[in-house]
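Enquirer: Pasting query_23.tsv here (TSV, C-alpha atoms):
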chain	number	residue	atom	x	y	z
U	1	MET	CA	93.27	109.73	114.84
U	2	ASP	CA	96.73	110.60	116.14
U	3	MET	CA	98.93	112.76	113.99
U	4	SER	CA	102.57	113.67	114.25
U	5	LYS	CA	103.93	117.17	114.40
U	6	LEU	CA	107.09	117.60	112.38
U	7	ILE	CA	109.27	120.67	112.81
U	8	LEU	CA	111.97	121.32	110.27
U	9	GLU	CA	113.91	124.24	108.89
U	10	ARG	CA	114.02	124.76	105.16
U	11	ALA	CA	115.80	127.66	103.49
U	12	SER	CA	116.01	129.24	106.96
U	13	VAL	CA	112.23	129.11	107.29
U	14	LEU	CA	110.70	127.09	110.09
U	15	GLU	CA	107.93	124.73	109.02
U	16	VAL	CA	105.48	122.92	111.27
U	17	TRP	CA	103.83	119.98	109.54
U	18	THR	CA	100.96	117.74	110.47
U	19	CYS	CA	101.98	114.25	109.39
U	20	VAL	CA	100.31	110.92	109.05
U	21	PRO	CA	102.28	108.70	111.46
U	22	GLY	CA	104.76	106.64	109.51
U	23	ALA	CA	105.01	109.23	106.74
U	24	GLU	CA	107.37	111.58	108.55
U	25	GLY	CA	110.45	110.25	106.73
U	26	ILE	CA	108.86	110.75	103.32
U	27	THR	CA	107.81	114.27	104.24
U	28	ILE	CA	111.22	115.18	105.64
U	29	HIS	CA	113.04	114.02	102.54
U	30	GLN	CA	110.57	115.68	100.18
U	31	ARG	CA	110.92	119.02	101.95
U	32	LEU	CA	114.70	118.91	102.30
U	33	LYS	CA	115.65	117.36	98.96
U	34	ASN	CA	116.51	120.73	97.45
U	35	GLU	CA	118.45	121.96	100.45
U	36	PRO	CA	122.21	122.39	99.91
U	37	GLY	CA	123.83	118.99	100.37
U	38	GLY	CA	120.50	117.19	100.36
U	39	PRO	CA	118.44	116.02	103.33
U	40	ALA	CA	121.05	113.85	105.09
U	41	GLY	CA	122.60	115.48	108.12
U	42	HIS	CA	119.84	117.99	108.71
U	43	LYS	CA	118.05	117.82	112.04
U	44	VAL	CA	114.33	117.82	112.73
U	45	TRP	CA	111.92	117.28	115.58
U	46	VAL	CA	108.89	115.00	115.61
U	47	TRP	CA	106.40	114.53	118.42
U	48	ASP	CA	102.95	113.05	118.71
U	49	SER	CA	101.73	116.52	119.62
U	50	ILE	CA	103.03	119.95	120.52
U	51	PRO	CA	101.44	122.75	122.56
U	52	SER	CA	99.13	124.95	120.52
U	53	GLY	CA	100.39	128.32	119.41
U	54	THR	CA	102.71	129.77	116.83
U	55	VAL	CA	106.20	128.27	116.81
U	56	ILE	CA	108.71	130.93	115.82
U	57	ALA	CA	112.02	129.19	116.51
U	58	ALA	CA	113.50	125.81	117.35
U	59	ASP	CA	116.81	124.61	118.74
U	60	PHE	CA	117.80	121.69	116.53
U	61	THR	CA	121.10	120.96	118.31
U	62	ASP	CA	119.93	117.60	119.69
U	63	GLY	CA	117.33	117.01	117.00
U	64	ILE	CA	116.67	113.83	115.06
U	65	VAL	CA	119.40	113.46	112.44
U	66	VAL	CA	118.05	112.97	108.93
U	67	GLN	CA	119.53	109.88	107.32
U	68	SER	CA	120.43	109.07	103.71
U	69	THR	CA	117.02	107.59	102.86
U	70	ALA	CA	113.45	108.27	103.92
U	71	SER	CA	113.21	104.74	105.26
U	72	LEU	CA	116.26	105.14	107.50
U	73	THR	CA	115.03	108.54	108.64
U	74	GLN	CA	111.67	107.00	109.49
U	75	THR	CA	113.46	104.46	111.69
U	76	ALA	CA	115.22	107.29	113.49
U	77	VAL	CA	111.93	109.17	113.89
U	78	ASN	CA	110.21	106.08	115.29
U	79	ALA	CA	113.04	105.54	117.78
U	80	PHE	CA	112.80	109.13	118.95
U	81	LYS	CA	109.03	109.03	119.28
U	82	ALA	CA	109.28	105.83	121.35
U	83	ALA	CA	111.69	107.48	123.76
U	84	PRO	CA	111.80	111.26	123.29
U	85	THR	CA	114.96	112.86	124.61
U	86	HIS	CA	113.45	116.34	124.58
U	87	THR	CA	109.98	117.75	125.01
U	88	PRO	CA	108.61	120.42	122.68
U	89	THR	CA	108.70	123.07	125.35
U	90	GLU	CA	112.43	122.49	125.88
U	91	VAL	CA	113.42	123.31	122.32
U	92	LEU	CA	110.57	125.23	120.70
U	93	THR	CA	110.00	128.95	121.05
U	94	TYR	CA	106.46	130.26	120.76
U	95	ALA	CA	105.29	133.70	119.82
A	1	MET	CA	103.66	81.30	39.03
A	2	SER	CA	100.86	81.61	41.57
A	3	SER	CA	98.10	84.14	41.15
A	4	ILE	CA	96.93	85.51	44.50
A	5	LYS	CA	93.30	86.60	44.57
A	6	TYR	CA	91.42	88.46	47.28
A	7	TYR	CA	88.04	87.54	48.66
A	8	VAL	CA	85.29	89.02	50.80
A	9	ALA	CA	82.26	87.46	52.45
A	10	GLU	CA	78.74	88.08	51.21
A	11	ASN	CA	78.46	91.02	53.61
A	12	GLY	CA	81.65	92.59	52.20
A	13	SER	CA	83.95	91.82	55.13
A	14	TYR	CA	87.46	90.89	54.05
A	15	LEU	CA	88.29	87.19	54.25
A	16	GLY	CA	91.84	87.08	52.94
A	17	SER	CA	93.83	85.99	49.90
A	18	TRP	CA	93.99	82.60	48.23
A	19	ASP	CA	95.65	81.30	45.12
A	20	THR	CA	93.42	78.22	45.07
A	21	ASN	CA	90.25	77.00	46.76
A	22	PRO	CA	88.80	80.20	48.21
A	23	PRO	CA	86.05	79.83	50.85
A	24	SER	CA	82.73	78.73	49.55
A	25	GLY	CA	80.42	81.63	48.76
A	26	SER	CA	83.19	84.19	48.90
A	27	ILE	CA	83.40	86.99	46.35
A	28	GLU	CA	86.61	87.91	44.59
A	29	VAL	CA	87.68	91.55	44.74
A	30	PRO	CA	90.44	93.23	42.66
A	31	ASN	CA	92.65	94.36	45.51
A	32	PRO	CA	93.02	93.91	49.26
A	33	PRO	CA	91.94	96.62	51.72
A	34	ASP	CA	94.45	98.96	53.37
A	35	ASP	CA	92.94	97.97	56.70
A	36	ALA	CA	91.38	94.60	57.41
A	37	ARG	CA	88.41	96.29	59.08
A	38	GLN	CA	87.33	97.92	55.81
A	39	VAL	CA	84.22	96.49	54.18
A	40	TRP	CA	83.86	95.98	50.44
A	41	ASP	CA	80.96	97.93	48.98
A	42	ILE	CA	79.60	95.41	46.52
A	43	ALA	CA	77.43	97.94	44.66
A	44	ALA	CA	80.13	100.63	44.37
A	45	GLU	CA	82.88	98.05	43.92
A	46	GLU	CA	85.26	99.78	46.29
A	47	TRP	CA	86.47	99.52	49.83
A	48	GLY	CA	84.67	101.52	52.48
A	49	ALA	CA	86.40	103.90	54.83
A	50	VAL	CA	88.63	102.72	57.65
A	51	PRO	CA	86.41	102.67	60.74
A	52	ALA	CA	87.11	105.37	63.30
A	53	PRO	CA	88.77	104.00	66.42
A	54	GLU	CA	86.44	103.17	69.27
A	55	PRO	CA	86.49	105.92	71.88
A	56	VAL	CA	88.45	104.82	74.92
A	57	GLN	CA	86.37	105.15	78.03
A	58	THR	CA	88.22	104.88	81.31
A	59	GLU	CA	86.70	105.41	84.70
A	60	PRO	CA	88.32	108.10	86.85
A	61	VAL	CA	90.61	106.58	89.43
A	62	ARG	CA	91.07	108.13	92.84
A	63	VAL	CA	94.82	108.43	93.29
A	64	ALA	CA	94.92	110.29	96.60
A	65	CYS	CA	92.60	111.88	99.13
A	66	ALA	CA	92.33	113.59	102.46
A	67	LEU	CA	88.67	113.38	103.29
A	68	ARG	CA	88.61	115.40	106.51
A	69	VAL	CA	91.13	118.10	107.33
A	70	PRO	CA	90.07	120.21	110.32
A	71	VAL	CA	92.02	123.43	110.86
A	72	VAL	CA	92.21	125.08	114.28
A	73	ASP	CA	94.17	128.27	114.99
A	74	ASP	CA	95.73	128.10	111.52
A	75	VAL	CA	97.10	124.61	112.17
A	76	VAL	CA	96.04	121.43	110.40
A	77	GLN	CA	94.83	119.21	113.21
A	78	VAL	CA	94.23	115.91	111.46
A	79	ILE	CA	94.50	114.41	107.99
A	80	GLY	CA	91.50	112.13	108.22
A	81	GLY	CA	90.62	109.56	105.60
A	82	SER	CA	94.04	109.91	104.08
A	83	TYR	CA	95.25	107.99	101.08
A	84	ARG	CA	98.71	108.95	99.85
A	85	VAL	CA	98.53	112.33	101.59
A	86	ALA	CA	101.47	112.17	103.98
A	87	ALA	CA	101.47	115.65	105.47
A	88	MET	CA	99.84	119.05	105.21
A	89	MET	CA	100.63	122.56	106.33
A	90	LEU	CA	98.84	125.86	106.12
A	91	MET	CA	101.15	128.22	104.24
A	92	ASP	CA	98.99	131.32	104.18
A	93	THR	CA	95.32	132.18	104.25
A	94	GLY	CA	93.58	129.58	102.12
A	95	THR	CA	96.87	128.15	100.87
A	96	PHE	CA	97.88	124.66	101.89
A	97	LEU	CA	100.79	122.49	100.90
A	98	ALA	CA	100.21	118.75	100.79
A	99	ILE	CA	103.03	116.20	100.62
A	100	LEU	CA	102.20	112.93	98.91
A	101	SER	CA	103.66	109.59	99.92
A	102	GLU	CA	104.21	108.64	96.26
A	103	ASN	CA	105.11	110.55	93.16
A	104	LEU	CA	101.95	110.57	91.06
A	105	GLY	CA	103.55	111.83	87.85
A	106	GLU	CA	103.90	115.08	85.98
A	107	THR	CA	100.25	115.59	85.12
A	108	ALA	CA	98.18	117.20	87.82
A	109	PRO	CA	95.14	115.09	88.67
A	110	TYR	CA	91.62	116.45	88.95
A	111	LEU	CA	90.67	117.64	92.40
A	112	ILE	CA	87.18	117.19	93.73
A	113	PRO	CA	86.44	119.01	96.99
A	114	ASN	CA	84.37	117.24	99.61
A	115	ASN	CA	82.41	120.25	100.78
A	116	GLY	CA	81.15	123.54	99.46
A	117	VAL	CA	84.43	125.35	99.09
A	118	SER	CA	86.43	125.67	95.89
A	119	ILE	CA	89.83	123.97	95.95
A	120	GLU	CA	92.32	124.39	93.13
A	121	ILE	CA	95.75	122.91	92.58
A	122	THR	CA	97.94	125.94	91.89
A	123	GLU	CA	101.25	124.08	91.82
A	124	TRP	CA	101.82	120.42	91.11
A	125	GLY	CA	105.11	118.66	91.68
A	126	GLY	CA	104.17	115.01	91.44
A	127	ASP	CA	104.98	114.42	95.10
A	128	TYR	CA	103.44	117.63	96.40
A	129	ALA	CA	100.52	119.89	95.63
A	130	MET	CA	99.89	123.51	96.52
A	131	LEU	CA	96.19	124.03	97.11
A	132	GLU	CA	94.20	127.22	97.19
A	133	ILE	CA	90.83	127.24	98.90
A	134	ARG	CA	88.24	129.88	98.08
A	135	ASP	CA	84.70	130.47	99.24
A	136	HIS	CA	83.61	129.81	95.67
A	137	ALA	CA	85.32	129.47	92.29
A	138	GLY	CA	87.15	132.73	91.62
A	139	GLY	CA	86.19	134.01	95.05
A	140	THR	CA	88.13	134.98	98.13
A	141	LEU	CA	90.85	132.87	99.71
A	142	ILE	CA	89.60	131.42	102.98
A	143	THR	CA	90.91	129.05	105.61
A	144	PRO	CA	87.92	126.85	106.32
A	145	ALA	CA	87.35	125.18	109.67
A	146	SER	CA	87.41	121.89	107.83
A	147	PHE	CA	87.76	120.67	104.29
A	148	GLY	CA	88.52	117.57	102.32
A	149	PHE	CA	89.36	116.56	98.79
A	150	SER	CA	90.04	113.68	96.46
A	151	LEU	CA	92.47	113.59	93.55
A	152	TYR	CA	91.46	111.66	90.45
A	153	SER	CA	93.42	110.71	87.38
A	154	VAL	CA	91.67	109.82	84.15
In structure tokens, how does this file's structure come out?
Expert:
Amino acid sequence: MDMSKLILERASVLEVWTCVPGAEGITIHQRLKNEPGGPAGHKVWVWDSIPSGTVIAADFTDGIVVQSTASLTQTAVNAFKAAPTHTPTEVLTYA
Amino acid sequence: MSSIKYYVAENGSYLGSWDTNPPSGSIEVPNPPDDARQVWDIAAEEWGAVPAPEPVQTEPVRVACALRVPVVDDVVQVIGGSYRVAAMMLMDTGTFLAILSENLGETAPYLIPNNGVSIEITEWGGDYAMLEIRDHAGGTLITPASFGFSLYSV
């Protein structure tokens, strides 16, 4: 069963989530709902898989922009996963 | 001026009130019951106690589950057999955070582990649950190679 890997930053702490595909938007909004200003506008990364190892940093500059609702964010996530503009190794830093 | 009278059946169960033509075979009593389920004690000439409510028996309902969660190198690999578990992450040794796809309310459901470990909900937020896994109840926090659980509401 394929899973998604979701990388987000919450309260300056990097989190790497294993997500059921299609549930990334829900997860993103749940984790970021208490962030200052809410989830919208934050950036995240989602891939079908990432290299194994401990991720210690991520460059979110070109990340997926979180939208106003989980549903809209899911659409953005799906679009990115269909045609990724960056690979994990380009933007993730491992220990 | 009508004169309402109250009647019970031969077995003492309350029939109702009539001013004329009560049911055949009914027995007049001096006053109606407080509760229609009360039965008239013909010998003692008084109403019996209000019956205790029937106990409500509801079957437990599985509201969420993740039946197979393998963990490799401190990373959740798969959320297999998932129902309403959207995402999981290992926070610390034996401590996992699960995000649910729906808010299941303020009351934490019962958690039944699938294998021999002990899993306890230590924080419940309706749409998330912090889980602690121990080698046995009250034992040491462990990160098992694989685990699974179901959440039940009753």
Enquirer: Please write as a list in words the list of polymer residues whose atoms come within 9 Å of (107.3, 123.1, 121.4), counting only C-alpha atoms and keeping to the coordinates of the file.
Expert: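 Those residues lying close to the given coordinates are Ser49, Ile50, Pro51, Ser52, Gly53, Val55, Ala58, Thr87, Pro88, Thr89, Glu90, Val91, Leu92, Thr93 and Tyr94 of chain U.
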Enquirer: What gap, in Å, lies between CA of Ala95 (chain U) and CA of Asp62 (chain U)?
Expert: 21.8 Å
Enquirer: Would you mind listing, for every residue of chain A within 12 Å of chain U, the two atoms forming the shortest contact and the distance between them in Å to one decimal, using all atoms listed in the file, sorted by chain and ascending residue number, as a Markdown table?
Expert:
| residue | atom | partner | partner_atom | distance |
| --- | --- | --- | --- | --- |
| A:Ala66 | CA | U:Val20 | CA | 10.7 |
| A:Arg68 | CA | U:Met1 | CA | 11.1 |
| A:Val69 | CA | U:Thr18 | CA | 10.3 |
| A:Pro70 | CA | U:Thr18 | CA | 11.2 |
| A:Val71 | CA | U:Thr18 | CA | 10.6 |
| A:Val72 | CA | U:Ser52 | CA | 9.3 |
| A:Asp73 | CA | U:Gly53 | CA | 7.6 |
| A:Asp74 | CA | U:Thr54 | CA | 8.9 |
| A:Val75 | CA | U:Thr18 | CA | 8.1 |
| A:Val76 | CA | U:Thr18 | CA | 6.2 |
| A:Gln77 | CA | U:Thr18 | CA | 6.9 |
| A:Val78 | CA | U:Met3 | CA | 6.2 |
| A:Ile79 | CA | U:Val20 | CA | 6.9 |
| A:Gly80 | CA | U:Met1 | CA | 7.3 |
| A:Gly81 | CA | U:Met1 | CA | 9.6 |
| A:Ser82 | CA | U:Val20 | CA | 8.1 |
| A:Tyr83 | CA | U:Val20 | CA | 9.9 |
| A:Arg84 | CA | U:Ala23 | CA | 9.3 |
| A:Val85 | CA | U:Val20 | CA | 7.8 |
| A:Ala86 | CA | U:Val20 | CA | 5.3 |
| A:Ala87 | CA | U:Cys19 | CA | 4.2 |
| A:Met88 | CA | U:Thr18 | CA | 5.5 |
| A:Met89 | CA | U:Trp17 | CA | 5.2 |
| A:Leu90 | CA | U:Trp17 | CA | 8.4 |
| A:Met91 | CA | U:Glu15 | CA | 9.0 |
| A:Phe96 | CA | U:Trp17 | CA | 10.8 |
| A:Leu97 | CA | U:Trp17 | CA | 9.5 |
| A:Ala98 | CA | U:Thr27 | CA | 9.5 |
| A:Ile99 | CA | U:Thr27 | CA | 6.3 |
| A:Leu100 | CA | U:Thr27 | CA | 7.9 |
| A:Ser101 | CA | U:Ile26 | CA | 6.3 |
| A:Glu102 | CA | U:Ile26 | CA | 8.7 |
| A:Asn103 | CA | U:Gln30 | CA | 10.3 |
| A:Gly125 | CA | U:Gln30 | CA | 10.5 |
| A:Gly126 | CA | U:Gln30 | CA | 10.9 |
| A:Asp127 | CA | U:Gln30 | CA | 7.7 |
| A:Tyr128 | CA | U:Gln30 | CA | 8.3 |
| A:Ala129 | CA | U:Gln30 | CA | 11.8 |
Enquirer: As a list in words, please: the residues near Pro36 (chain U) (cut-off 12 Å, only C-alpha atoms, same-chain neighbours under 5 positions excluded).
Expert: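 Counting only the stated atoms, we get Arg10, Ala11, Ser12, Arg31, Gly41 and His42 of chain U.
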Enquirer: Please report the interatomic distance between CA of Ala44 (chain A) and CA of Trp18 (chain A) in Å with one decimal.
Expert: 23.1 Å
Enquirer: If I take CA of Ser118 (chain A) and CA of Arg134 (chain A), how far is one from the other in Å, to one decimal?
Expert: 5.1 Å
Enquirer: Out of A:Gly25, A:Glu46, A:Pro32, A:Trp40, which residue has the shortest atom-to-atom distance to Ile4 (chain A) when counting only C-alpha atoms?
Expert: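 Checking each of A:Gly25, A:Glu46, A:Pro32, A:Trp40 against Ile4 (chain A), counting only C-alpha atoms, the winner is A:Pro32.
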